[in-house]
file run-v8.txt (compact mmCIF, C-alpha atoms)
# COMPACT_ATOMS: atom_id res chain seq x y z
CA MET A 9 4.24 34.88 -27.64
CA SER A 10 2.22 36.37 -30.50
CA LYS A 11 3.86 39.78 -30.10
CA ALA A 12 7.32 38.20 -29.93
CA LEU A 13 6.62 36.23 -33.12
CA LEU A 14 5.37 39.41 -34.80
CA LEU A 15 8.59 41.26 -33.87
CA ILE A 16 10.74 38.38 -35.11
CA ASN A 17 8.92 38.39 -38.45
CA CYS A 18 9.30 42.17 -38.70
CA PHE A 19 13.06 41.75 -38.21
CA VAL A 20 13.26 38.95 -40.80
CA LEU A 21 11.25 41.05 -43.24
CA SER A 22 13.56 44.05 -42.73
CA ILE A 23 16.56 41.94 -43.78
CA GLY A 24 14.84 40.80 -46.96
CA HIS A 25 13.18 44.10 -47.86
CA CYS A 26 16.31 46.22 -47.40
CA GLY A 27 18.87 43.71 -48.63
CA GLY A 28 16.93 42.18 -51.54
CA PRO A 29 16.73 45.24 -53.82
CA LEU A 30 20.34 46.22 -53.03
CA ILE A 31 21.84 42.88 -53.97
CA MET A 32 19.58 42.61 -57.04
CA ARG A 33 20.75 46.02 -58.20
CA LEU A 34 24.37 44.94 -57.54
CA TYR A 35 23.83 42.09 -59.99
CA PHE A 36 22.60 44.43 -62.75
CA ILE A 37 25.15 47.21 -62.13
CA HIS A 38 28.14 44.92 -62.57
CA GLY A 39 27.13 43.15 -65.76
CA GLY A 40 24.09 40.99 -64.96
CA LYS A 41 21.45 41.14 -67.69
CA ARG A 42 19.15 38.17 -67.10
CA VAL A 43 15.82 39.49 -65.78
CA TRP A 44 14.20 36.05 -65.67
CA PHE A 45 17.15 34.65 -63.72
CA SER A 46 16.98 37.57 -61.30
CA SER A 47 13.27 36.96 -60.73
CA TRP A 48 14.02 33.25 -60.25
CA LEU A 49 16.43 34.12 -57.44
CA GLU A 50 13.66 35.90 -55.53
CA THR A 51 12.01 32.56 -54.73
CA GLY A 52 14.61 29.99 -55.81
CA GLY A 53 15.85 29.61 -52.23
CA TRP A 54 12.61 27.89 -51.17
CA PRO A 55 14.38 24.64 -50.03
CA ILE A 56 15.75 26.70 -47.10
CA ILE A 57 12.23 26.61 -45.62
CA LEU A 58 12.53 22.82 -45.28
CA LEU A 59 14.99 23.34 -42.41
CA PRO A 60 12.62 25.17 -40.02
CA ILE A 61 9.78 22.85 -41.08
CA ALA A 62 11.92 19.84 -40.12
CA CYS A 63 12.93 21.50 -36.83
CA ALA A 64 9.26 22.11 -36.01
CA TYR A 65 8.48 18.49 -36.82
CA PHE A 66 11.15 17.12 -34.47
CA HIS A 67 10.07 19.54 -31.75
CA ARG A 68 6.47 18.31 -32.03
CA SER A 69 7.63 14.69 -31.95
CA ARG A 70 8.77 15.28 -28.36
CA THR A 71 5.52 16.87 -27.19
CA GLN A 72 2.79 15.20 -29.27
CA PRO A 73 1.78 11.57 -29.87
CA SER A 74 3.30 10.16 -33.02
CA SER A 75 -0.17 9.54 -34.48
CA GLU A 76 -0.95 13.30 -34.41
CA ASN A 77 2.44 14.53 -35.59
CA LYS A 78 2.98 14.97 -39.34
CA LEU A 79 5.73 16.60 -41.37
CA PHE A 80 3.19 18.48 -43.51
CA PHE A 81 -0.27 19.63 -42.38
CA MET A 82 -1.46 21.38 -45.54
CA LYS A 83 -4.74 20.11 -47.00
CA PRO A 84 -5.49 20.08 -50.76
CA ARG A 85 -7.73 23.18 -50.56
CA LEU A 86 -4.97 25.29 -49.04
CA PHE A 87 -2.34 23.74 -51.34
CA ILE A 88 -4.28 24.84 -54.45
CA ALA A 89 -4.67 28.37 -53.05
CA ALA A 90 -0.94 28.58 -52.25
CA ALA A 91 -0.08 27.28 -55.75
CA LEU A 92 -2.23 29.94 -57.44
CA ILE A 93 -0.82 32.72 -55.25
CA GLY A 94 2.68 31.41 -55.94
CA THR A 95 2.12 31.65 -59.69
CA LEU A 96 0.99 35.26 -59.29
CA THR A 97 4.07 35.88 -57.15
CA GLY A 98 6.26 34.55 -59.97
CA LEU A 99 4.71 37.07 -62.35
CA ASP A 100 5.19 39.85 -59.79
CA ASP A 101 8.84 38.83 -59.33
CA TYR A 102 9.50 39.21 -63.04
CA ILE A 103 7.99 42.67 -63.47
CA TYR A 104 9.70 43.81 -60.25
CA ALA A 105 13.09 42.54 -61.47
CA TYR A 106 12.47 44.29 -64.80
CA GLY A 107 12.00 47.56 -62.91
CA VAL A 108 15.07 47.10 -60.72
CA ALA A 109 17.15 46.43 -63.83
CA ARG A 110 16.31 49.90 -65.15
CA LEU A 111 15.79 52.12 -62.08
CA PRO A 112 17.96 53.18 -59.13
CA VAL A 113 17.16 51.38 -55.89
CA SER A 114 16.05 54.59 -54.19
CA THR A 115 13.52 55.25 -56.96
CA VAL A 116 12.25 51.66 -56.84
CA ALA A 117 11.80 51.90 -53.06
CA LEU A 118 9.73 55.07 -53.36
CA ILE A 119 7.52 53.57 -56.07
CA ILE A 120 7.03 50.36 -54.08
CA ALA A 121 5.75 52.53 -51.21
CA SER A 122 2.58 52.97 -53.29
CA GLN A 123 1.98 49.27 -52.69
CA LEU A 124 0.30 50.26 -49.42
CA VAL A 125 -2.44 52.01 -51.40
CA PHE A 126 -3.21 48.86 -53.39
CA THR A 127 -2.95 46.67 -50.28
CA ALA A 128 -5.46 48.87 -48.46
CA VAL A 129 -7.94 48.81 -51.35
CA PHE A 130 -7.72 45.06 -51.94
CA ALA A 131 -7.78 44.35 -48.19
CA PHE A 132 -11.05 46.28 -48.00
CA VAL A 133 -12.51 44.31 -50.91
CA LEU A 134 -11.22 40.82 -50.09
CA VAL A 135 -11.03 40.63 -46.29
CA LYS A 136 -13.29 43.56 -45.29
CA GLN A 137 -10.43 45.50 -43.71
CA ARG A 138 -11.77 48.34 -41.54
CA PHE A 139 -10.72 51.87 -42.53
CA THR A 140 -10.31 54.94 -40.37
CA SER A 141 -9.73 58.58 -41.29
CA TYR A 142 -6.06 58.06 -40.43
CA SER A 143 -5.59 55.08 -42.75
CA ILE A 144 -7.41 56.93 -45.55
CA ASN A 145 -5.10 59.91 -45.00
CA ALA A 146 -2.07 57.62 -45.18
CA VAL A 147 -3.25 56.12 -48.46
CA PHE A 148 -3.88 59.59 -49.90
CA LEU A 149 -0.43 60.89 -48.92
CA LEU A 150 1.34 57.85 -50.39
CA THR A 151 -0.55 58.32 -53.64
CA ILE A 152 0.50 61.97 -53.82
CA GLY A 153 4.09 60.96 -53.03
CA ALA A 154 4.21 58.55 -55.95
CA GLY A 155 2.72 61.25 -58.19
CA VAL A 156 5.39 63.76 -57.18
CA LEU A 157 8.08 61.22 -57.97
CA ALA A 158 6.60 60.69 -61.44
CA LEU A 159 6.93 64.42 -62.24
CA ASN A 160 10.66 64.09 -62.85
CA THR A 161 11.38 60.81 -64.60
CA SER A 162 14.76 61.59 -66.11
CA SER A 163 16.93 63.29 -63.48
CA ASP A 164 18.15 60.00 -62.02
CA ARG A 165 18.11 57.94 -65.21
CA PRO A 166 21.14 55.62 -65.28
CA GLU A 167 23.75 56.17 -67.98
CA LYS A 168 23.41 54.28 -71.27
CA GLU A 169 19.69 53.91 -70.73
CA SER A 170 17.08 55.48 -72.99
CA LYS A 171 14.13 57.47 -71.70
CA SER A 172 11.72 54.84 -73.00
CA GLU A 173 13.55 52.11 -71.05
CA TYR A 174 13.44 54.24 -67.92
CA ILE A 175 9.70 54.90 -68.31
CA SER A 176 9.01 51.21 -68.95
CA GLY A 177 10.90 50.38 -65.76
CA PHE A 178 8.87 52.98 -63.87
CA VAL A 179 5.55 51.63 -65.16
CA THR A 180 6.41 47.97 -64.50
CA THR A 181 7.52 48.80 -60.95
CA VAL A 182 4.16 50.46 -60.31
CA GLY A 183 2.57 47.33 -61.74
CA ALA A 184 4.65 45.16 -59.39
CA ALA A 185 3.48 47.27 -56.43
CA ALA A 186 -0.16 46.91 -57.52
CA LEU A 187 0.08 43.16 -58.05
CA TYR A 188 1.80 42.52 -54.72
CA GLY A 189 -0.76 44.78 -53.07
CA PHE A 190 -3.33 42.28 -54.36
CA ILE A 191 -1.29 39.22 -53.32
CA LEU A 192 -0.98 40.21 -49.63
CA PRO A 193 -4.77 40.31 -48.94
CA LEU A 194 -5.12 37.19 -51.05
CA VAL A 195 -2.79 35.36 -48.65
CA GLU A 196 -4.84 36.62 -45.69
CA LEU A 197 -8.03 35.46 -47.43
CA SER A 198 -6.54 32.00 -47.93
CA TYR A 199 -5.85 31.83 -44.18
CA LYS A 200 -9.48 32.71 -43.42
CA LYS A 201 -10.90 30.22 -45.95
CA ALA A 202 -8.46 27.39 -45.19
CA LYS A 203 -10.99 25.32 -43.17
CA GLN A 204 -8.17 24.05 -40.99
CA GLU A 205 -6.41 25.33 -37.92
CA MET A 206 -3.65 27.78 -38.79
CA SER A 207 -0.26 27.50 -37.10
CA TYR A 208 3.14 29.00 -37.80
CA ALA A 209 4.36 25.61 -39.04
CA LEU A 210 1.52 25.62 -41.58
CA VAL A 211 2.44 29.19 -42.56
CA MET A 212 5.95 27.99 -43.42
CA GLU A 213 4.45 25.24 -45.58
CA ILE A 214 2.38 27.85 -47.43
CA GLN A 215 5.52 29.90 -47.95
CA MET A 216 7.34 26.89 -49.38
CA VAL A 217 4.54 26.00 -51.82
CA MET A 218 4.14 29.61 -52.95
CA CYS A 219 7.86 29.96 -53.64
CA LEU A 220 7.98 26.55 -55.34
CA PHE A 221 5.32 27.54 -57.88
CA ALA A 222 6.76 31.04 -58.30
CA THR A 223 10.13 29.44 -59.04
CA GLY A 224 8.48 27.11 -61.53
CA PHE A 225 6.94 30.11 -63.31
CA SER A 226 10.35 31.81 -63.54
CA THR A 227 12.02 28.57 -64.62
CA VAL A 228 9.76 28.40 -67.68
CA GLY A 229 10.77 31.96 -68.54
CA MET A 230 14.44 31.10 -68.13
CA VAL A 231 14.12 28.10 -70.43
CA VAL A 232 12.37 30.15 -73.13
CA ASN A 233 14.97 32.94 -72.79
CA ASN A 234 17.94 30.50 -72.78
CA ASP A 235 19.14 31.85 -69.43
CA PHE A 236 20.57 28.53 -68.26
CA LYS A 237 23.01 28.52 -71.18
CA ALA A 238 23.95 32.16 -70.63
CA ILE A 239 24.68 31.98 -66.89
CA PRO A 240 28.24 30.47 -67.13
CA ARG A 241 29.24 33.07 -69.71
CA GLU A 242 27.71 35.89 -67.68
CA ALA A 243 29.58 34.69 -64.59
CA ARG A 244 32.93 34.79 -66.44
CA GLU A 245 32.21 38.32 -67.70
CA PHE A 246 30.92 39.65 -64.36
CA GLU A 247 32.85 42.79 -63.40
CA LEU A 248 33.46 41.65 -59.80
CA GLY A 249 34.74 38.24 -60.86
CA GLU A 250 33.24 34.80 -61.38
CA THR A 251 33.44 33.74 -57.73
CA LYS A 252 31.69 36.88 -56.51
CA TYR A 253 29.04 36.38 -59.16
CA TYR A 254 27.99 33.11 -57.58
CA VAL A 255 28.24 34.66 -54.08
CA VAL A 256 25.83 37.39 -55.18
CA VAL A 257 23.49 34.76 -56.66
CA VAL A 258 23.43 32.61 -53.51
CA MET A 259 23.07 35.53 -51.12
CA SER A 260 20.26 36.95 -53.24
CA ALA A 261 18.29 33.71 -52.95
CA ILE A 262 18.78 33.59 -49.17
CA ILE A 263 17.94 37.24 -48.52
CA TRP A 264 14.76 37.15 -50.60
CA GLN A 265 13.54 34.15 -48.60
CA CYS A 266 13.76 36.35 -45.50
CA PHE A 267 11.46 38.83 -47.22
CA TYR A 268 8.74 36.32 -48.11
CA LEU A 269 8.92 34.47 -44.79
CA GLY A 270 8.62 37.76 -42.90
CA VAL A 271 5.66 38.90 -45.02
CA ILE A 272 3.49 35.83 -44.54
CA GLY A 273 4.52 35.62 -40.88
CA ILE A 274 3.26 39.16 -40.23
CA ILE A 275 0.00 38.37 -42.06
CA PHE A 276 -0.39 35.32 -39.79
CA CYS A 277 0.29 37.35 -36.62
CA SER A 278 -1.69 40.44 -37.65
CA SER A 279 -3.07 41.31 -41.11
CA SER A 280 -2.09 41.95 -44.73
CA LEU A 281 -2.46 45.71 -44.22
CA VAL A 282 0.03 45.67 -41.33
CA SER A 283 2.40 43.68 -43.52
CA GLY A 284 2.11 46.37 -46.21
CA ILE A 285 2.67 49.08 -43.59
CA VAL A 286 5.88 47.44 -42.33
CA ILE A 287 7.16 47.13 -45.90
CA ALA A 288 6.49 50.82 -46.44
CA VAL A 289 8.04 51.84 -43.11
CA LEU A 290 11.35 50.29 -44.20
CA LEU A 291 11.46 52.73 -47.12
CA PRO A 292 13.80 55.28 -45.47
CA VAL A 293 16.29 52.54 -44.57
CA THR A 294 16.42 51.28 -48.17
CA GLU A 295 16.74 54.87 -49.40
CA ILE A 296 19.69 55.62 -47.13
CA LEU A 297 21.48 52.35 -47.95
CA ALA A 298 21.07 52.97 -51.70
CA VAL A 299 22.57 56.45 -51.38
CA ILE A 300 25.46 55.16 -49.24
CA PHE A 301 26.41 52.06 -51.25
CA TYR A 302 25.55 53.11 -54.80
CA LYS A 303 26.03 56.91 -54.56
CA GLU A 304 22.57 57.43 -56.03
CA SER A 305 21.27 60.98 -56.40
CA PHE A 306 18.61 62.22 -54.03
CA HIS A 307 16.92 65.13 -55.80
CA ALA A 308 14.10 67.34 -54.51
CA GLU A 309 11.28 65.18 -55.87
CA LYS A 310 12.58 62.17 -53.96
CA GLY A 311 12.82 64.27 -50.81
CA VAL A 312 9.21 65.44 -51.14
CA ALA A 313 8.01 61.90 -51.89
CA LEU A 314 9.90 60.56 -48.88
CA ALA A 315 8.45 63.27 -46.60
CA LEU A 316 4.91 62.53 -47.78
CA SER A 317 5.48 58.80 -47.30
CA LEU A 318 6.75 59.27 -43.74
CA TRP A 319 3.81 61.57 -43.02
CA GLY A 320 1.47 58.88 -44.25
CA PHE A 321 3.14 56.21 -42.08
CA LEU A 322 2.97 58.39 -38.97
CA SER A 323 -0.68 59.17 -39.66
CA TYR A 324 -1.53 55.48 -39.92
CA PHE A 325 0.33 54.47 -36.77
CA TYR A 326 -1.12 57.36 -34.77
CA GLY A 327 -4.59 56.24 -35.81
CA GLU A 328 -3.86 52.64 -34.85
CA ILE A 329 -2.54 53.68 -31.42
CA LYS A 330 -5.59 55.89 -30.86
CA GLN A 331 -7.99 53.12 -31.89
CA SER A 332 -6.16 50.64 -29.64
CA LYS A 333 -6.45 52.97 -26.63
CA LYS A 334 -10.12 53.57 -27.40
CA GLY A 335 -10.76 49.84 -27.57
CA ASN A 336 -8.94 49.17 -24.31
CA LEU A 337 -10.88 51.96 -22.57
CA LEU A 338 -14.20 50.59 -23.81
CA GLN A 339 -13.27 47.09 -22.67
CA SER A 340 -12.28 48.31 -19.19
CA GLU A 341 -15.57 50.22 -18.87
CA MET A 342 -17.56 47.13 -19.80
CA THR A 343 -15.76 44.95 -17.26
CA SER A 344 -16.21 47.56 -14.50
CA VAL A 345 -20.04 47.75 -14.88
CA PRO A 346 -21.59 45.83 -11.96
CA ASN A 347 -24.11 43.09 -12.57
CA LEU A 348 -27.50 44.73 -11.85
CA ASN A 349 -29.59 41.65 -12.48
CA PRO A 350 -31.34 40.35 -9.33
CA PRO A 351 -30.13 37.01 -8.03
CA GLN A 352 -32.12 34.03 -9.17
CA SER A 353 -34.04 32.15 -6.54
CA VAL A 354 -33.25 28.53 -6.13
call {"tool": "encode", "arguments": {"input": "run-v8.txt", "output": "structure tokens"}}
result
Amino acid sequence: MSKALLLINCFVLSIGHCGGPLIMRLYFIHGGKRVWFSSWLETGGWPIILLPIACAYFHRSRTQPSSENKLFFMKPRLFIAAALIGTLTGLDDYIYAYGVARLPVSTVALIIASQLVFTAVFAFVLVKQRFTSYSINAVFLLTIGAGVLALNTSSDRPEKESKSEYISGFVTTVGAAALYGFILPLVELSYKKAKQEMSYALVMEIQMVMCLFATGFSTVGMVVNNDFKAIPREAREFELGETKYYVVVVMSAIIWQCFYLGVIGIIFCSSSLVSGIVIAVLLPVTEILAVIFYKESFHAEKGVALALSLWGFLSYFYGEIKQSKKGNLLQSEMTSVPNLNPPQSV
């Protein structure tokens, strides 16, 4: 059941991670200019989570006594932790949207791959994640890949965009990767320090609270930036038409919920580092889709960075498989050792 749930969350995450940047970039390419609104859409679909929470509640009502069944299980300690993480997520959403507004999707995807480096470091510090030579090699290769990509910062610069804007987008995207690399282990730490039994229903509650506070953070930014007044005008001027503008907005909110639900689900089933690995593994898919749909250039530096990233992923997974086999072998040897203690006399 745990493996099946992990696979389901990986699939849900793949929808959000591949589709989210593409539809966000679609918004900016065809006339969208509101960065705060775009960041708001990353978590603004949080009411969708109420549906599976309600379904879980009605399912429990058939199998558990009514006195033990509650709609929400989250205690104040975990609620405060989720609220703080959600606020950080809101900040991360903004700087990520700022980067997507100025960089091609393929470039953003390659930069976000460096998130694994930050996730590994913070996982080691916060949750004492164990490292192997293979995971260290993966982190090193991803770092080199991001460095190679930074060597040529102007060959894929969008038209009508200055070099300073492109560089600011590059730097903020690296910042978004670093901040989210900190958020993932922080979520895992909140699970460990929750002082209550963790279940997938509770994980969905955490997701809802995190997105609620992240949306609140972005809402403040929208109010200060007068985005609510600008949205109707922007919709009328959208190059694909007003109706498609609102379709893009709604689909963006739904797809990004898949990303966040998949992320915290994988952390629940495994660890924050595995969640970061899955995000990074989806890099080639996002790259290919960006080239297909947006005709983005794929110069030599991107090719080298992609090759180094894939090498890093393969190194990590090979190490995990090897460690798993070693652990299984050790366990089988321990169970096969006969009991040499003499029988106790009665």
call {"tool": "residues_around", "arguments": {"input": "run-v8.txt", "residues": "segment 321-327 of chain A", "least_positions_apart": "4", "cutoff": "12 Å", "atoms": "only C-alpha atoms", "output": "ChimeraX atom specification"}}
result
/A:121-122,124-125,128,139-150,153,281-282,284-292,314-317,331-334
call {"tool": "residues_around", "arguments": {"input": "run-v8.txt", "residues": "Leu194 of chain A", "least_positions_apart": "3", "cutoff": "12 Å", "atoms": "all atoms listed in the file", "output": "number ranges by chain"}}
result
A: 89-90, 92-94, 96-97, 127-136, 187-191, 197-202, 272, 275, 279-281
call {"tool": "atom_distance", "arguments": {"input": "run-v8.txt", "atom1": "atom CA of Leu248 of chain A", "atom2": "atom CA of Asn233 of chain A"}}
result
24.2 Å
call {"tool": "residues_around", "arguments": {"input": "run-v8.txt", "residues": "segment 172-181 of chain A", "least_positions_apart": "5", "cutoff": "7 Å", "atoms": "all atoms listed in the file", "output": "compact mmCIF listing (two decimals) with C-alpha atoms, keeping the file's coordinate frame"}}
result
# COMPACT_ATOMS: atom_id res chain seq x y z
CA ILE A 103 7.99 42.67 -63.47
CA TYR A 104 9.70 43.81 -60.25
CA TYR A 106 12.47 44.29 -64.80
CA GLY A 107 12.00 47.56 -62.91
CA ARG A 110 16.31 49.90 -65.15
CA LEU A 111 15.79 52.12 -62.08
CA VAL A 116 12.25 51.66 -56.84
CA ILE A 119 7.52 53.57 -56.07
CA ARG A 165 18.11 57.94 -65.21
call {"tool": "atom_distance", "arguments": {"input": "run-v8.txt", "atom1": "atom CA of Ala186 of chain A", "atom2": "atom CA of Glu50 of chain A"}}
result
17.8 Å
call {"tool": "atom_distance", "arguments": {"input": "run-v8.txt", "atom1": "atom CA of Thr223 of chain A", "atom2": "atom CA of Arg241 of chain A"}}
result
22.2 Å
call {"tool": "axis_aligned_box", "arguments": {"input": "run-v8.txt", "around": "segment 133-140 of chain A", "padding_each_side": "6 Å", "output": "JSON"}}
result
{"center_x": -11.8, "center_y": 47.8, "center_z": -45.6, "size_x": 15.0, "size_y": 26.3, "size_z": 22.5}
call {"tool": "residues_around", "arguments": {"input": "run-v8.txt", "residues": "Glu295 of chain A", "least_positions_apart": "2", "cutoff": "9 Å", "atoms": "all atoms listed in the file", "output": "VMD selection string"}}
result
chain A and resid 26 113 to 115 117 to 118 290 to 293 297 to 300 306 314
call {"tool": "closest_residue", "arguments": {"input": "run-v8.txt", "among": "A:Ile37, A:Val43, A:Met218, A:Met259", "to": "Asp235 of chain A", "atoms": "only C-alpha atoms"}}
result
A:Val43
call {"tool": "residues_around", "arguments": {"input": "run-v8.txt", "residues": "Val271 of chain A", "least_positions_apart": "2", "cutoff": "9 Å", "atoms": "all atoms listed in the file", "output": "JSON, numbers by chain"}}
result
{"A": [17, 18, 20, 21, 192, 266, 267, 268, 269, 273, 274, 275, 276, 280, 283, 284, 286, 287]}
call {"tool": "closest_residue", "arguments": {"input": "run-v8.txt", "among": "A:Gln204, A:Gln137, A:Thr95, A:Thr151", "to": "Met82 of chain A", "atoms": "all atoms listed in the file"}}
result
A:Gln204
